[in-house]
Amino acid sequence: MVGLKPTDLPPTATVKFFGAGTAGCFADLVTFPLDTAKVRLQIQGESIATSEAVVKYRGVFGTITTMVRTEGARSLYNGLIAGLQRQMSFASVRIGLYDSMKQFYTKGSESAGIVSRLLAGSTTGAMAVAIAQPTDVVKVRFQAQIRQPDGMRRYNSTIDAYRTIARDEGIRGLWKGCMPNITRNAIVNCTELVTYDLIKELILKYNLMTDNLPCHFTAAFSAGFCTTIVASPVDVVKTRFMNSTTGRYSSALNCALTMITKEGPTAFYKGFMPSFLRLGSWNIVMFVSYEQIKRSLTRMQHSWEAPF
């Protein structure tokens with residue numbers, strides 16, 4: 001990212017890679033209930049026509065309250081293990097390799113234009129999905145599953161979910177929704193990383209703040225808001241398609257057409273508030289943590305290499 005002073009020690013690609021994964025896991029731990037509420041709101045109404053649907057969840061905090069009352073507080077963290085597995089592979093690639101990919105497109109130049117940033121964000125976003133898609137499928141399935149009155153669950157554990165999906169749907173089932181997810185993450189990564197990068201750069205360029213926590217907070221919050229507006233429709237389609245049973249939708253496009261036919265265009269912004277609360281808070285926690293982790297790891301690495 002931008003903002004290094006000449007006296008600062010630049011973090012290596014390895015530091016960025018592991019720092020991004022660690023920061024992503026920390027952000028997921030803090031914001032996971034909001035993500036679960038978002039998933040529940042996004043899939044609400046897909047089983048039957050909207051006019052006949054019984055609205056079980058209302059709003060972010062209403063959804064969380066209903067889940068705690070009917071399923072217990074632990075239900076808010078359904079799929080957390082898969083979520084952490086996802087962040088260690090996903091955030092490490094899409095965020096940790098962003099600067100390296102940006103340098104690749106600018107041929108090593110320190111001055112990166114908007115096109116180079118967009119290309120870097122799209123590339124790392126697509127690479128991350130290709131690697132981490134199975135963990136995302138399992139995470140969404142866990143977040144969407146509702147405990148039945150007899151106590152039965154769709155999946156009993158994270159390992160059971162991977163095994164069951166591979167057995168019943170084939171290995172391809174673990175990569176279900178990969179194309180809409182690549183589309184979503186190309187959009188998310190471009191909006192999120194490029195917005196953060198540009199806003200932070202402008203803040204430092206005009207000396208509005210120093211390269212510290214308030215600057216990181218402001219840039220991260222702005223990135224979260226912009227990303228939610230742009231990516232919400234693709235995110236809803238991705239969630240519906242990945243959670244669907246075999247044969248429900250023939251493709252992600254069919255899923256989108258079914259939604260607009262049965263539920264109208266507002267269906268694409270179902271769960272917008274939890275999406276914004278989640279993405280806004282996730283961005284703040286992740287980017288603030290990431291900046292601090294990068295600095296700490298870089299200092300540690302420097303002290304190991306030059307102890308005296």
# chains A, B, ... in the order shown; residues from 1 in each chain; ligands from 1
$ residues_around --residues "Thr298 of chain A" --least-positions-apart "2" --cutoff "7 Å" --atoms "only C-alpha atoms" --output "list of chain:residue names"
A:Leu9, A:Pro11, A:Val15, A:Lys294, A:Arg295, A:Ser296, A:Met300, A:Gln301, A:His302
$ write_last_selection --atoms "C-alpha atoms" --output "PDB file, in the first residue's frame"
ATOM      1  CA  LEU A   9      11.333  -0.170   6.398  1.00  0.00           C
ATOM      2  CA  PRO A  11       7.580  -4.798   4.208  1.00  0.00           C
ATOM      3  CA  VAL A  15       5.302 -10.146   5.421  1.00  0.00           C
ATOM      4  CA  LYS A 294       3.030  -5.314   8.631  1.00  0.00           C
ATOM      5  CA  ARG A 295       4.982  -2.804  10.704  1.00  0.00           C
ATOM      6  CA  SER A 296       5.487  -5.204  13.619  1.00  0.00           C
ATOM      7  CA  MET A 300      10.914  -8.136  13.923  1.00  0.00           C
ATOM      8  CA  GLN A 301      12.404  -9.298  10.628  1.00  0.00           C
ATOM      9  CA  HIS A 302      14.861  -6.398  10.628  1.00  0.00           C
TER      10      HIS A 302
END
$ atom_distance --atom1 "atom CA of Glu192 of chain A" --atom2 "atom CA of Ala223 of chain A"
4.9 Å
$ closest_residue --among "A:Tyr269, A:Phe276, A:Tyr290, A:Phe241" --to "Asn181 of chain A" --atoms "only C-alpha atoms"
A:Phe241
$ residues_around --residues "Ile159 of chain A" --least-positions-apart "3" --cutoff "10 Å" --atoms "only C-alpha atoms" --output "PyMOL selection string"
chain A and resi 81-82+138+155-156+162-164
$ residues_around --residues "Ile293 of chain A" --least-positions-apart "6" --cutoff "10 Å" --atoms "only C-alpha atoms" --output "number ranges by chain"
A: 15-16, 18-20, 22-23, 287, 299
$ select_by_dssp --residues "segment 180-293 of chain A" --states "helix (DSSP H, G or I)" --output "MDAnalysis selection string"
chainID A and resid 180:205 213:243 252:262 265:269 272:293
$ closest_residue --among "A:Phe90, A:Tyr249, A:Phe104, A:Phe268" --to "Val237 of chain A" --atoms "only C-alpha atoms"
A:Phe268
$ residues_around --residues "Ser222 of chain A" --least-positions-apart "5" --cutoff "10 Å" --atoms "only C-alpha atoms" --output "JSON, numbers by chain"
{"A": [192, 195, 196, 199, 217, 227, 280, 283, 284]}
$ write_last_selection --atoms "C-alpha atoms" --output "compact mmCIF listing (two decimals), in the first residue's frame"
# COMPACT_ATOMS: atom_id res chain seq x y z
CA GLU A 192 -12.03 -2.19 -1.82
CA THR A 195 -10.51 2.89 -2.96
CA TYR A 196 -8.43 2.31 0.17
CA ILE A 199 -8.02 7.64 -0.36
CA PHE A 217 -9.69 4.06 9.72
CA THR A 227 -17.64 -1.80 -1.99
CA GLY A 280 -17.45 -1.48 6.84
CA ASN A 283 -12.50 -3.29 6.37
CA ILE A 284 -11.74 -1.15 9.42
$ residues_around --residues "Cys178 of chain A" --least-positions-apart "3" --cutoff "8 Å" --atoms "only C-alpha atoms" --output "number ranges by chain"
A: 129-130, 133, 175, 181-182
$ write_last_selection --atoms "C-alpha atoms" --output "short mmCIF file (atom, residue, chain, number, x, y, z; two decimals), in the first residue's frame"
data_model
loop_
_atom_site.label_atom_id
_atom_site.label_comp_id
_atom_site.auth_asym_id
_atom_site.auth_seq_id
_atom_site.Cartn_x
_atom_site.Cartn_y
_atom_site.Cartn_z
CA VAL A 129 -11.21 -17.34 -5.52
CA ALA A 130 -9.62 -20.08 -7.62
CA GLN A 133 -13.54 -21.39 -3.31
CA TRP A 175 -16.14 -25.01 -6.67
CA ASN A 181 -17.56 -15.45 -7.08
CA ILE A 182 -14.68 -14.50 -9.40
#
$ closest_residue --among "A:Arg40, A:Lys102, A:Lys262, A:Arg172" --to "Ile64 of chain A" --atoms "only C-alpha atoms"
A:Arg40
$ residues_around --residues "Asn212 of chain A" --least-positions-apart "5" --cutoff "12 Å" --atoms "only C-alpha atoms" --output "JSON, numbers by chain"
{"A": [3, 4, 5, 200, 203, 204, 207, 217, 218, 219, 287, 288, 289, 290, 291, 292, 295]}
$ write_last_selection --atoms "N, CA and C atoms" --output "PDB file, in the first residue's frame"
ATOM      1  N   GLY A   3       2.047   5.181   1.232  1.00  0.00           N
ATOM      2  CA  GLY A   3       2.189   5.881   2.495  1.00  0.00           C
ATOM      3  C   GLY A   3       3.484   5.667   3.230  1.00  0.00           C
ATOM      4  N   LEU A   4       4.412   4.929   2.689  1.00  0.00           N
ATOM      5  CA  LEU A   4       5.681   4.705   3.373  1.00  0.00           C
ATOM      6  C   LEU A   4       6.547   5.952   3.310  1.00  0.00           C
ATOM      7  N   LYS A   5       7.137   6.298   4.424  1.00  0.00           N
ATOM      8  CA  LYS A   5       8.091   7.391   4.451  1.00  0.00           C
ATOM      9  C   LYS A   5       9.468   6.842   4.109  1.00  0.00           C
ATOM     10  N   LYS A 200      -6.173   6.758   0.931  1.00  0.00           N
ATOM     11  CA  LYS A 200      -5.011   6.879   1.812  1.00  0.00           C
ATOM     12  C   LYS A 200      -3.928   7.745   1.157  1.00  0.00           C
ATOM     13  N   ILE A 203      -5.024  11.427   1.328  1.00  0.00           N
ATOM     14  CA  ILE A 203      -4.922  11.946   2.693  1.00  0.00           C
ATOM     15  C   ILE A 203      -3.481  12.305   3.029  1.00  0.00           C
ATOM     16  N   LEU A 204      -2.572  11.424   2.641  1.00  0.00           N
ATOM     17  CA  LEU A 204      -1.148  11.668   2.932  1.00  0.00           C
ATOM     18  C   LEU A 204      -0.565  12.752   2.024  1.00  0.00           C
ATOM     19  N   ASN A 207      -1.525  16.087   3.337  1.00  0.00           N
ATOM     20  CA  ASN A 207      -1.195  16.228   4.763  1.00  0.00           C
ATOM     21  C   ASN A 207      -2.427  16.422   5.642  1.00  0.00           C
ATOM     22  N   PHE A 217      -8.270   4.201   9.382  1.00  0.00           N
ATOM     23  CA  PHE A 217      -9.692   4.064   9.716  1.00  0.00           C
ATOM     24  C   PHE A 217     -10.556   4.749   8.656  1.00  0.00           C
ATOM     25  N   THR A 218     -10.215   5.971   8.310  1.00  0.00           N
ATOM     26  CA  THR A 218     -10.994   6.748   7.334  1.00  0.00           C
ATOM     27  C   THR A 218     -10.988   6.075   5.961  1.00  0.00           C
ATOM     28  N   ALA A 219      -9.820   5.663   5.508  1.00  0.00           N
ATOM     29  CA  ALA A 219      -9.701   5.019   4.197  1.00  0.00           C
ATOM     30  C   ALA A 219     -10.445   3.685   4.175  1.00  0.00           C
ATOM     31  N   PHE A 287      -7.898  -3.632   7.739  1.00  0.00           N
ATOM     32  CA  PHE A 287      -6.853  -2.724   7.273  1.00  0.00           C
ATOM     33  C   PHE A 287      -6.041  -2.126   8.426  1.00  0.00           C
ATOM     34  N   VAL A 288      -6.722  -1.759   9.523  1.00  0.00           N
ATOM     35  CA  VAL A 288      -5.989  -1.233  10.684  1.00  0.00           C
ATOM     36  C   VAL A 288      -5.052  -2.310  11.236  1.00  0.00           C
ATOM     37  N   SER A 289      -5.575  -3.555  11.358  1.00  0.00           N
ATOM     38  CA  SER A 289      -4.740  -4.666  11.837  1.00  0.00           C
ATOM     39  C   SER A 289      -3.596  -4.952  10.868  1.00  0.00           C
ATOM     40  N   TYR A 290      -3.927  -4.961   9.579  1.00  0.00           N
ATOM     41  CA  TYR A 290      -2.939  -5.272   8.539  1.00  0.00           C
ATOM     42  C   TYR A 290      -1.773  -4.290   8.564  1.00  0.00           C
ATOM     43  N   GLU A 291      -2.088  -3.001   8.678  1.00  0.00           N
ATOM     44  CA  GLU A 291      -1.024  -1.983   8.722  1.00  0.00           C
ATOM     45  C   GLU A 291      -0.131  -2.170   9.942  1.00  0.00           C
ATOM     46  N   GLN A 292      -0.739  -2.477  11.094  1.00  0.00           N
ATOM     47  CA  GLN A 292       0.044  -2.658  12.313  1.00  0.00           C
ATOM     48  C   GLN A 292       0.857  -3.954  12.282  1.00  0.00           C
ATOM     49  N   ARG A 295       3.918  -3.557  10.047  1.00  0.00           N
ATOM     50  CA  ARG A 295       4.982  -2.804  10.704  1.00  0.00           C
ATOM     51  C   ARG A 295       5.687  -3.651  11.765  1.00  0.00           C
TER      52      ARG A 295
END
$ atom_distance --atom1 "atom CA of Ala144 of chain A" --atom2 "atom CA of Leu277 of chain A"
18.7 Å
$ closest_residue --among "A:Ser251, A:Thr246, A:Ser75, A:Thr124" --to "Ile187 of chain A" --atoms "only C-alpha atoms"
A:Thr124
$ closest_residue --among "A:Leu174, A:Val93, A:Met209, A:Leu279" --to "Ala128 of chain A" --atoms "only C-alpha atoms"
A:Val93
$ closest_residue --among "A:Thr70, A:Gln103, A:Gln42, A:Thr228" --to "Arg58 of chain A" --atoms "only C-alpha atoms"
A:Gln42
$ decode --residues "segment 189-202 of chain A" --atoms "N, CA, C and O atoms" --output "PDB file, in the first residue's frame"
ATOM      1  N   ASN A 189     -12.562  -6.580  -4.926  1.00  0.00           N
ATOM      2  CA  ASN A 189     -11.136  -6.279  -4.764  1.00  0.00           C
ATOM      3  C   ASN A 189     -10.762  -4.942  -5.393  1.00  0.00           C
ATOM      4  O   ASN A 189     -10.022  -4.149  -4.803  1.00  0.00           O
ATOM      5  N   CYS A 190     -11.289  -4.706  -6.601  1.00  0.00           N
ATOM      6  CA  CYS A 190     -11.003  -3.428  -7.265  1.00  0.00           C
ATOM      7  C   CYS A 190     -11.525  -2.268  -6.430  1.00  0.00           C
ATOM      8  O   CYS A 190     -10.812  -1.295  -6.171  1.00  0.00           O
ATOM      9  N   THR A 191     -12.784  -2.387  -6.007  1.00  0.00           N
ATOM     10  CA  THR A 191     -13.390  -1.287  -5.250  1.00  0.00           C
ATOM     11  C   THR A 191     -12.715  -1.118  -3.899  1.00  0.00           C
ATOM     12  O   THR A 191     -12.345  -0.004  -3.503  1.00  0.00           O
ATOM     13  N   GLU A 192     -12.552  -2.226  -3.191  1.00  0.00           N
ATOM     14  CA  GLU A 192     -12.030  -2.191  -1.818  1.00  0.00           C
ATOM     15  C   GLU A 192     -10.579  -1.725  -1.761  1.00  0.00           C
ATOM     16  O   GLU A 192     -10.250  -0.739  -1.086  1.00  0.00           O
ATOM     17  N   LEU A 193      -9.705  -2.421  -2.483  1.00  0.00           N
ATOM     18  CA  LEU A 193      -8.276  -2.117  -2.403  1.00  0.00           C
ATOM     19  C   LEU A 193      -7.918  -0.808  -3.099  1.00  0.00           C
ATOM     20  O   LEU A 193      -7.127  -0.017  -2.581  1.00  0.00           O
ATOM     21  N   VAL A 194      -8.514  -0.585  -4.276  1.00  0.00           N
ATOM     22  CA  VAL A 194      -8.188   0.642  -5.015  1.00  0.00           C
ATOM     23  C   VAL A 194      -8.729   1.869  -4.282  1.00  0.00           C
ATOM     24  O   VAL A 194      -8.049   2.893  -4.181  1.00  0.00           O
ATOM     25  N   THR A 195      -9.951   1.771  -3.727  1.00  0.00           N
ATOM     26  CA  THR A 195     -10.508   2.890  -2.956  1.00  0.00           C
ATOM     27  C   THR A 195      -9.647   3.179  -1.737  1.00  0.00           C
ATOM     28  O   THR A 195      -9.307   4.342  -1.455  1.00  0.00           O
ATOM     29  N   TYR A 196      -9.282   2.129  -1.007  1.00  0.00           N
ATOM     30  CA  TYR A 196      -8.428   2.307   0.174  1.00  0.00           C
ATOM     31  C   TYR A 196      -7.088   2.935  -0.226  1.00  0.00           C
ATOM     32  O   TYR A 196      -6.615   3.882   0.402  1.00  0.00           O
ATOM     33  N   ASP A 197      -6.508   2.398  -1.281  1.00  0.00           N
ATOM     34  CA  ASP A 197      -5.213   2.866  -1.772  1.00  0.00           C
ATOM     35  C   ASP A 197      -5.258   4.348  -2.150  1.00  0.00           C
ATOM     36  O   ASP A 197      -4.416   5.145  -1.727  1.00  0.00           O
ATOM     37  N   LEU A 198      -6.277   4.713  -2.941  1.00  0.00           N
ATOM     38  CA  LEU A 198      -6.377   6.094  -3.435  1.00  0.00           C
ATOM     39  C   LEU A 198      -6.698   7.087  -2.316  1.00  0.00           C
ATOM     40  O   LEU A 198      -6.096   8.172  -2.246  1.00  0.00           O
ATOM     41  N   ILE A 199      -7.644   6.724  -1.448  1.00  0.00           N
ATOM     42  CA  ILE A 199      -8.021   7.640  -0.362  1.00  0.00           C
ATOM     43  C   ILE A 199      -6.859   7.840   0.602  1.00  0.00           C
ATOM     44  O   ILE A 199      -6.559   8.970   1.022  1.00  0.00           O
ATOM     45  N   LYS A 200      -6.173   6.758   0.931  1.00  0.00           N
ATOM     46  CA  LYS A 200      -5.011   6.879   1.812  1.00  0.00           C
ATOM     47  C   LYS A 200      -3.928   7.745   1.157  1.00  0.00           C
ATOM     48  O   LYS A 200      -3.315   8.602   1.820  1.00  0.00           O
ATOM     49  N   GLU A 201      -3.720   7.541  -0.127  1.00  0.00           N
ATOM     50  CA  GLU A 201      -2.713   8.319  -0.860  1.00  0.00           C
ATOM     51  C   GLU A 201      -3.055   9.808  -0.852  1.00  0.00           C
ATOM     52  O   GLU A 201      -2.180  10.659  -0.629  1.00  0.00           O
ATOM     53  N   LEU A 202      -4.338  10.145  -1.080  1.00  0.00           N
ATOM     54  CA  LEU A 202      -4.765  11.544  -1.098  1.00  0.00           C
ATOM     55  C   LEU A 202      -4.655  12.190   0.286  1.00  0.00           C
ATOM     56  O   LEU A 202      -4.247  13.347   0.418  1.00  0.00           O
TER      57      LEU A 202
END
